[in-house]
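*Asks:* Next comes my_file.cif, mmCIF, C-alpha atoms and all ligand atoms:
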data_data
loop_
_atom_site.label_atom_id
_atom_site.label_comp_id
_atom_site.auth_asym_id
_atom_site.auth_seq_id
_atom_site.Cartn_x
_atom_site.Cartn_y
_atom_site.Cartn_z
CA MET W 1 85.55 148.24 104.00
CA LYS W 2 88.78 149.54 102.48
CA PHE W 3 89.29 149.46 98.71
CA PHE W 4 92.68 148.43 97.35
CA ILE W 5 93.40 148.32 93.62
CA ASP W 6 94.95 145.09 92.36
CA THR W 7 97.30 146.25 89.60
CA ALA W 8 100.80 147.52 88.87
CA ASN W 9 99.49 149.88 86.18
CA LEU W 10 100.32 153.44 87.23
CA ASP W 11 97.55 155.08 85.14
CA GLN W 12 94.89 152.84 86.67
CA ILE W 13 96.22 153.46 90.18
CA ARG W 14 96.12 157.23 89.47
CA GLU W 15 92.55 156.97 88.14
CA ALA W 16 91.34 155.07 91.24
CA TYR W 17 93.19 157.47 93.53
CA ASP W 18 91.67 160.49 91.77
CA LEU W 19 88.20 159.01 92.35
CA GLY W 20 88.91 159.52 96.06
CA VAL W 21 88.06 155.98 97.16
CA LEU W 22 91.45 154.27 97.09
CA ASP W 23 92.97 153.01 100.35
CA GLY W 24 95.90 151.02 98.99
CA VAL W 25 97.39 148.85 96.25
CA THR W 26 98.21 145.16 95.88
CA THR W 27 100.62 143.82 93.28
CA ASN W 28 102.03 140.40 92.50
CA PRO W 29 104.77 139.13 90.16
CA SER W 30 102.22 138.43 87.39
CA LEU W 31 100.88 141.99 87.54
CA MET W 32 104.43 143.42 87.45
CA ALA W 33 105.28 141.23 84.44
CA LYS W 34 102.06 142.40 82.70
CA GLU W 35 103.36 145.99 82.90
CA GLY W 36 106.69 144.89 81.38
CA ILE W 37 108.71 145.87 84.47
CA LYS W 38 112.03 144.02 84.29
CA GLY W 39 115.18 144.00 86.42
CA LYS W 40 115.55 144.48 90.17
CA ASN W 41 116.19 148.25 90.10
CA ASN W 42 113.22 148.93 87.82
CA ILE W 43 110.97 146.77 89.99
CA LEU W 44 112.03 148.58 93.18
CA LYS W 45 111.58 151.98 91.50
CA HIS W 46 108.11 150.93 90.30
CA TYR W 47 107.05 150.15 93.89
CA VAL W 48 108.20 153.60 94.98
CA ASP W 49 106.27 155.18 92.08
CA ILE W 50 103.15 153.30 93.18
CA CYS W 51 103.59 154.49 96.79
CA ASN W 52 103.92 158.08 95.60
CA ILE W 53 100.68 157.88 93.61
CA ALA W 54 98.68 156.04 96.32
CA ARG W 55 99.76 158.55 98.96
CA GLY W 56 99.31 157.21 102.49
CA GLY W 57 97.96 153.80 101.38
CA ASP W 58 99.46 150.40 102.05
CA VAL W 59 101.21 148.93 98.98
CA SER W 60 101.81 145.18 98.90
CA ALA W 61 105.09 144.12 97.25
CA GLU W 62 105.64 140.37 96.90
CA VAL W 63 108.84 138.47 97.66
CA ILE W 64 110.06 135.94 95.10
CA ALA W 65 112.22 133.84 97.44
CA THR W 66 110.68 130.75 99.01
CA ASP W 67 113.35 129.96 101.62
CA PHE W 68 113.37 131.69 105.03
CA ASP W 69 116.67 133.59 104.61
CA GLY W 70 115.77 134.68 101.10
CA ILE W 71 112.30 135.89 102.14
CA ILE W 72 113.80 137.88 105.05
CA LYS W 73 116.49 139.47 102.83
CA GLU W 74 114.03 140.46 100.10
CA GLY W 75 111.33 141.52 102.54
CA GLU W 76 113.64 143.79 104.53
CA GLU W 77 114.88 145.39 101.32
CA LEU W 78 111.29 145.99 100.18
CA ALA W 79 110.24 147.38 103.58
CA GLU W 80 113.12 149.85 103.53
CA LEU W 81 112.01 151.22 100.15
CA HIS W 82 109.07 153.24 101.49
CA PRO W 83 107.00 153.40 104.71
CA GLN W 84 103.86 152.38 102.79
CA ILE W 85 105.30 149.02 101.69
CA VAL W 86 103.68 145.85 103.03
CA VAL W 87 105.75 142.70 102.42
CA LYS W 88 103.66 140.10 100.61
CA VAL W 89 104.65 136.56 101.59
CA PRO W 90 103.25 133.28 100.22
CA MET W 91 101.38 130.84 102.47
CA ILE W 92 104.15 128.25 102.75
CA LYS W 93 106.01 126.91 105.81
CA GLU W 94 108.99 129.24 105.35
CA GLY W 95 106.57 132.09 104.66
CA VAL W 96 104.76 131.60 107.98
CA LYS W 97 108.10 131.65 109.82
CA ALA W 98 109.06 134.83 107.95
CA ILE W 99 105.72 136.49 108.80
CA ARG W 100 106.40 135.83 112.49
CA TYR W 101 109.89 137.34 112.10
CA PHE W 102 108.59 140.45 110.26
CA SER W 103 105.76 140.88 112.75
CA GLN W 104 108.24 140.91 115.65
CA LYS W 105 110.28 143.55 113.80
CA GLY W 106 107.21 145.75 113.17
CA ILE W 107 107.25 145.13 109.39
CA LYS W 108 103.76 144.87 107.89
CA THR W 109 102.93 141.68 105.96
CA ASN W 110 100.28 140.37 103.60
CA CYS W 111 100.01 136.58 103.58
CA THR W 112 99.06 135.67 100.02
CA LEU W 113 97.77 132.59 98.16
CA VAL W 114 95.36 131.63 100.94
CA PHE W 115 92.67 129.13 99.99
CA SER W 116 91.51 127.64 103.31
CA ALA W 117 90.46 128.67 106.81
CA GLY W 118 93.32 126.61 108.28
CA GLN W 119 95.85 128.62 106.28
CA ALA W 120 94.19 131.86 107.43
CA LEU W 121 94.42 130.71 111.04
CA LEU W 122 98.17 130.10 110.66
CA ALA W 123 98.66 133.53 109.08
CA ALA W 124 96.85 135.23 111.97
CA LYS W 125 98.77 133.29 114.61
CA ALA W 126 102.05 134.26 112.90
CA GLY W 127 101.00 137.92 113.17
CA ALA W 128 100.23 138.82 109.54
CA THR W 129 98.85 142.33 109.04
CA TYR W 130 96.66 141.10 106.18
CA VAL W 131 95.52 137.71 104.95
CA SER W 132 94.60 137.36 101.27
CA PRO W 133 92.00 134.68 100.47
CA PHE W 134 91.68 134.37 96.66
CA ILE W 135 87.94 134.14 96.07
CA GLY W 136 87.87 134.28 92.27
CA ARG W 137 90.34 131.43 91.90
CA LEU W 138 88.20 129.29 94.24
CA ASP W 139 85.11 130.13 92.17
CA ASP W 140 87.11 129.04 89.11
CA ILE W 141 87.30 125.52 90.55
CA SER W 142 83.59 125.39 91.49
CA THR W 143 84.11 126.25 95.16
CA ASP W 144 82.33 129.32 96.56
CA GLY W 145 85.13 131.74 97.48
CA LEU W 146 82.73 133.89 99.50
CA ASP W 147 82.14 131.00 101.93
CA LEU W 148 85.83 131.22 102.78
CA ILE W 149 85.56 134.96 103.51
CA GLU W 150 82.64 134.27 105.86
CA GLN W 151 84.56 131.48 107.62
CA ILE W 152 87.73 133.53 108.13
CA VAL W 153 85.84 136.63 109.32
CA HIS W 154 83.96 134.44 111.83
CA ILE W 155 87.15 132.83 113.17
CA TYR W 156 89.07 136.11 113.41
CA ARG W 157 86.18 137.90 115.18
CA THR W 158 85.69 134.95 117.57
CA TYR W 159 89.29 135.08 118.75
CA GLY W 160 89.95 138.80 118.27
CA TYR W 161 92.85 138.40 115.83
CA ASP W 162 94.18 141.74 114.54
CA THR W 163 94.92 140.34 111.06
CA GLN W 164 92.76 142.08 108.46
CA VAL W 165 90.83 140.00 105.93
CA LEU W 166 91.86 141.25 102.49
CA ALA W 167 89.51 139.64 99.96
CA ALA W 168 91.58 139.09 96.79
CA SER W 169 91.11 137.70 93.30
CA ILE W 170 87.87 139.66 92.96
CA ARG W 171 86.24 139.45 89.57
CA HIS W 172 83.05 141.57 89.68
CA THR W 173 80.85 143.96 91.66
CA LEU W 174 78.84 141.24 93.41
CA HIS W 175 82.06 139.92 94.93
CA ILE W 176 82.75 143.42 96.33
CA ILE W 177 79.24 143.86 97.73
CA LYS W 178 79.13 140.38 99.28
CA CYS W 179 82.59 140.90 100.84
CA ALA W 180 81.28 144.12 102.42
CA GLU W 181 78.21 142.28 103.74
CA LEU W 182 80.38 139.51 105.18
CA GLY W 183 82.64 141.96 107.03
CA ALA W 184 85.87 141.70 105.01
CA ASP W 185 88.22 144.49 106.09
CA VAL W 186 89.53 145.13 102.56
CA ALA W 187 88.60 144.21 98.99
CA THR W 188 91.33 144.35 96.38
CA CYS W 189 90.21 144.33 92.76
CA PRO W 190 91.07 145.59 89.31
CA LEU W 191 89.89 149.10 88.35
CA GLN W 192 86.91 147.93 86.27
CA PRO W 193 84.83 146.33 89.07
CA ILE W 194 85.34 149.50 91.14
CA LEU W 195 84.07 151.65 88.24
CA ASP W 196 81.21 149.17 87.63
CA LEU W 197 79.90 149.97 91.12
CA LEU W 198 78.92 153.40 89.72
CA LYS W 199 76.50 151.96 87.20
CA HIS W 200 72.72 151.77 87.41
CA PRO W 201 70.31 152.26 84.49
CA LEU W 202 67.88 154.20 86.70
CA THR W 203 70.67 156.64 87.56
CA ASP W 204 71.31 157.16 83.83
CA SER W 205 67.65 157.59 82.86
CA GLY W 206 66.94 159.74 85.95
CA LEU W 207 69.85 162.06 85.17
CA ALA W 208 68.80 162.33 81.50
CA LYS W 209 65.29 163.38 82.62
CA PHE W 210 66.61 165.90 85.16
CA LEU W 211 68.92 167.46 82.54
CA ALA W 212 66.08 167.61 79.96
CA ASP W 213 63.76 169.28 82.51
CA ALA W 214 66.51 171.65 83.65
CA SER W 215 66.88 172.89 80.07
CA LYS W 216 63.16 173.85 80.16
CA THR W 217 63.80 176.13 83.16
CA LYS W 218 66.50 178.19 81.41
CA THR W 219 65.58 181.80 80.61
CA LYS W 220 66.10 182.95 77.03
C1 LIG W 301 96.05 140.04 95.20
O1 LIG W 301 96.75 140.25 96.15
C2 LIG W 301 96.19 138.85 94.33
O2 LIG W 301 97.49 138.73 93.90
C3 LIG W 301 95.22 138.94 93.21
O3 LIG W 301 93.98 139.44 93.69
C4 LIG W 301 95.06 137.68 92.40
O4 LIG W 301 94.01 137.89 91.49
P1 LIG W 301 93.76 136.92 90.23
O5 LIG W 301 93.23 135.63 90.73
O6 LIG W 301 92.74 137.67 89.40
O7 LIG W 301 95.08 136.78 89.54
#
Once you've parsed the file, please lay out its structure as structure tokens.
Ligand code: E4P
*Replies:*
Amino acid sequence: MKFFIDTANLDQIREAYDLGVLDGVTTNPSLMAKEGIKGKNNILKHYVDICNIARGGDVSAEVIATDFDGIIKEGEELAELHPQIVVKVPMIKEGVKAIRYFSQKGIKTNCTLVFSAGQALLAAKAGATYVSPFIGRLDDISTDGLDLIEQIVHIYRTYGYDTQVLAASIRHTLHIIKCAELGADVATCPLQPILDLLKHPLTDSGLAKFLADASKTKTK
């Protein structure tokens, strides 16, 4: 399973990349706003900065337009920015049409805001590179988001769709582990859940004991 980091924060992207486990980055308008990035030129420059840190990884950049012509115009501009850019398009009627258009032009897409298997089926049929089911937001409304991952993986494997299941809106380590068990192709999450995967109290106590015993073997 690939690991993407879900942030527009350059320091956090650098930290995840330096750990050696980062395969890509996802952003959205809320994450860009959180970093205080304002104005078209600054936003476009920020995407290029992200691509240069996450060298070789796919970087999702979201369109703001919701009409077909607007999505195409914005998406083509984003795609021209850097070869790592993946155009992130919302799961709406005009978005599905745009995904088909981008797919025929060889432009990678990430279909975002997916909350049902039916939506995921449409995204795959339109030729999306990635589909992003938001599991945390489903959990927030008392619906098990992981069930949706299982459903989509099953459908895609049954029919051999190339679209990769990008589990999004991940909140904690158990989400990551369960997504891996269920066969998600990618998990995108904030830095903290990735770092939390490192933790185990037996690792800490075991290391403390090894270091204490190693100090006994030192010659004076
Ligand atoms: C990723 O592509 C999504 O935009 C993101 O995972 C949404 O996460 P949230 O539900 O924590 O905002």
*Asks:* Provide the CA of Gly95 in chain W to CA of Cys179 in chain W distance in Å, to one decimal place.
*Replies:*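 CA of Cys179 in chain W lies 25.8 Å from CA of Gly95 in chain W.
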*Asks:* At a cut-off of 9 Å and counting only C-alpha atoms and all ligand atoms, what residues surround ligand LIG 301 (chain W)? Please answer as an NGL selection string.
*Replies:* :W and (5-7 or 25-31 or 60 or 62 or 88 or 110-113 or 132-138 or 166-171 or 187-190)
*Asks:* Separation of CA of Val186 in chain W and CA of Val165 in chain W, in Å?
*Replies:*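 It comes out at 6.3 Å.
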*Asks:* Enter the distance from CA of Ile149 in chain W to CA of Gly118 in chain W, in Å, rounded to one decimal.
*Replies:*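 Between CA of Ile149 in chain W and CA of Gly118 in chain W the gap works out to 12.4 Å.
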*Asks:* When distances are computed from all atoms listed in the file, which of W:Lys209, W:Lys38, W:Lys178, W:Lys199 shows the smallest separation from Met1 in chain W?
*Replies:* W:Lys178
*Asks:* Residues at most 8 Å from Val96 in chain W, counting all atoms listed in the file, excluding those fewer than 3 positions away in the same chain, as a list in words?
*Replies:*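 Residues near the query, excluding close chain neighbours: Met91, Ile92, Lys93, Ile99, Arg100, Leu122, Ala123 and Ala126 of chain W.
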*Asks:* Point out the residue among W:Phe115, W:Tyr17, W:Phe102, W:Tyr161 with the least atom-to-atom distance to Gly56 in chain W, counting all atoms listed in the file.
*Replies:*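 Selected residue with least distance to Gly56 in chain W: W:Tyr17.
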*Asks:* Using all atoms listed in the file - which residues lie no farther than 7 Å from the point (106.5, 137.6, 99.0) in the file's frame? Write them as a ChimeraX atom specification.
*Replies:* /W:61-64,71,87-90
*Asks:* Could you tell me which of W:Lys105, W:Asp58, W:Ser142, W:Asn52 comes closest to Glu76 in chain W if we count all atoms listed in the file?
*Replies:*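 Among W:Lys105, W:Asp58, W:Ser142, W:Asn52, it is W:Lys105 that comes nearest to Glu76 in chain W.
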